Amino acid sequence: MSTLQEKLLFLYKFSRAPQQIGSVTPSSAFLAKKMVESVAWENVNAVAELGAGTGAITEYIRKAKKDNTRVLLFEKDAELRGRLQERFADFACYDDARCLQSVVRAEGIDSLDCVISGLPYFNFPQSLRDRLLSEITASLRPGGQFVAFQYSQQMRKQFSRQFAMEEIHFVPFNVPPAFVYVCRKENFTTS
């Protein structure tokens, strides 16, 4: 699919479901590169991308990952998911990130080393945000990475409660400009 067709499809999908899509255009190359370069790929045997959309970030994951890295893609929109399945046939593709833990188990993966997310968390009701972050935390190995982009810093507080916040990068060359949160799952123990 050409870049123009991809952008038009994304704009159409946004107009139909702005709470779900979150942006009028796919992630820019600048944003995709910043997301992917924030990952320690030498330590990643299994990764999930949530909200894969048209595959703008997925393409960079394909280039950066090790040959044997397992990749799970999640995209709720059926048409976008179908296009992802065609374009990235070697990656497993699913429809609901709320089922992340069960998908990881079904794929025979003990835990994920990294979760990359383009989901528009702030657009979601608090109960859905909580559920998604709980699924991500439970699916990640201790020390695993969570890398997410958002268009504001409104999720910073909630991300900080779930993860150790390592860095926040600002990517001005994206529509709209974005923040990349680079986080790590810690070993929290309760006494």
# chains A, B, ... in the order shown; residues from 1 in each chain; ligands from 1
>>> residues_around(residues="Gly118 (chain A)", least_positions_apart="4", cutoff="6 Å", atoms="only C-alpha atoms", output="PDB file with N, CA, C and O atoms, in the first residue's frame")
ATOM      1  N   GLY A  51      -1.731  -1.882  19.211  1.00  0.00           N
ATOM      2  CA  GLY A  51      -2.191  -0.797  18.356  1.00  0.00           C
ATOM      3  C   GLY A  51      -1.294  -0.643  17.143  1.00  0.00           C
ATOM      4  O   GLY A  51      -0.819   0.447  16.835  1.00  0.00           O
ATOM      5  N   ALA A 148       6.006   3.304  25.049  1.00  0.00           N
ATOM      6  CA  ALA A 148       4.713   3.774  24.554  1.00  0.00           C
ATOM      7  C   ALA A 148       4.832   5.215  24.100  1.00  0.00           C
ATOM      8  O   ALA A 148       5.584   5.992  24.685  1.00  0.00           O
ATOM      9  N   PHE A 149       4.071   5.552  23.065  1.00  0.00           N
ATOM     10  CA  PHE A 149       4.003   6.969  22.724  1.00  0.00           C
ATOM     11  C   PHE A 149       2.612   7.495  23.031  1.00  0.00           C
ATOM     12  O   PHE A 149       1.624   6.772  22.982  1.00  0.00           O
TER      13      PHE A 149
END
>>> residues_around(residues="Val147 (chain A)", least_positions_apart="3", cutoff="6 Å", atoms="only C-alpha atoms", output="list in words")
Ile116, Tyr181 and Val182 of chain A
>>> select_by_dssp(residues="region 24-183 of chain A", states="strand (DSSP E)", output="ChimeraX atom specification")
/A:46-50,70-74,92-94,112-117,140-150,164-171,178-183
>>> atom_distance(atom1="CA of Thr69 (chain A)", atom2="CA of Asn45 (chain A)")
4.4 Å
>>> residues_around(residues="Ser139 (chain A)", least_positions_apart="4", cutoff="8 Å", atoms="only C-alpha atoms", output="count of residues only")
6
>>> closest_residue(among="A:Asp113, A:Phe74, A:Gln162, A:Cys93", to="Glu42 (chain A)", atoms="only C-alpha atoms")
A:Asp113
>>> residues_around(residues="region 175-180 of chain A", least_positions_apart="4", cutoff="12 Å", atoms="only C-alpha atoms", output="NGL selection string")
:A and (7 or 11 or 22-39 or 116-118 or 120 or 146-156 or 159 or 165-171)
>>> atom_distance(atom1="CA of Asn174 (chain A)", atom2="CA of Tyr121 (chain A)")
18.0 Å
>>> select_by_dssp(residues="chain A", states="alpha helix (DSSP H)", output="ChimeraX atom specification")
/A:3-16,18-21,29-37,56-64,78-87,100-106,126-139,156-162
>>> atom_distance(atom1="CA of Arg62 (chain A)", atom2="CA of Gln145 (chain A)")
17.4 Å
>>> residues_around(residues="Arg70 (chain A)", least_positions_apart="4", cutoff="8 Å", atoms="only C-alpha atoms", output="count of residues only")
4
>>> residues_around(residues="region 52-56 of chain A", least_positions_apart="3", cutoff="6 Å", atoms="only C-alpha atoms", output="list in words")
Ser27, Glu49, Glu59, Glu75 and Leu80 of chain A
>>> write_last_selection(atoms="N, CA and C atoms", output="short mmCIF file (atom, residue, chain, number, x, y, z; two decimals), in the first residue's frame")
data_model
loop_
_atom_site.label_atom_id
_atom_site.label_comp_id
_atom_site.auth_asym_id
_atom_site.auth_seq_id
_atom_site.Cartn_x
_atom_site.Cartn_y
_atom_site.Cartn_z
N SER A 27 1.98 6.91 12.44
CA SER A 27 3.21 7.41 13.06
C SER A 27 4.25 7.74 12.00
N GLU A 49 3.45 -5.67 20.00
CA GLU A 49 3.14 -4.29 19.63
C GLU A 49 1.63 -4.13 19.74
N GLU A 59 7.21 -2.05 10.87
CA GLU A 59 8.27 -2.15 9.86
C GLU A 59 9.65 -1.95 10.49
N GLU A 75 -4.15 -5.42 16.90
CA GLU A 75 -4.85 -4.32 16.23
C GLU A 75 -6.34 -4.64 16.24
N LEU A 80 -7.50 -3.05 9.23
CA LEU A 80 -6.07 -2.80 9.47
C LEU A 80 -5.36 -4.09 9.88
#
>>> closest_residue(among="A:Arg98, A:Arg184, A:Ala92, A:Asp130", to="Val115 (chain A)", atoms="only C-alpha atoms")
A:Arg184
>>> residues_around(residues="Ala78 (chain A)", least_positions_apart="5", cutoff="10 Å", atoms="only C-alpha atoms", output="VMD selection string")
chain A and resid 83 to 84 94 to 95
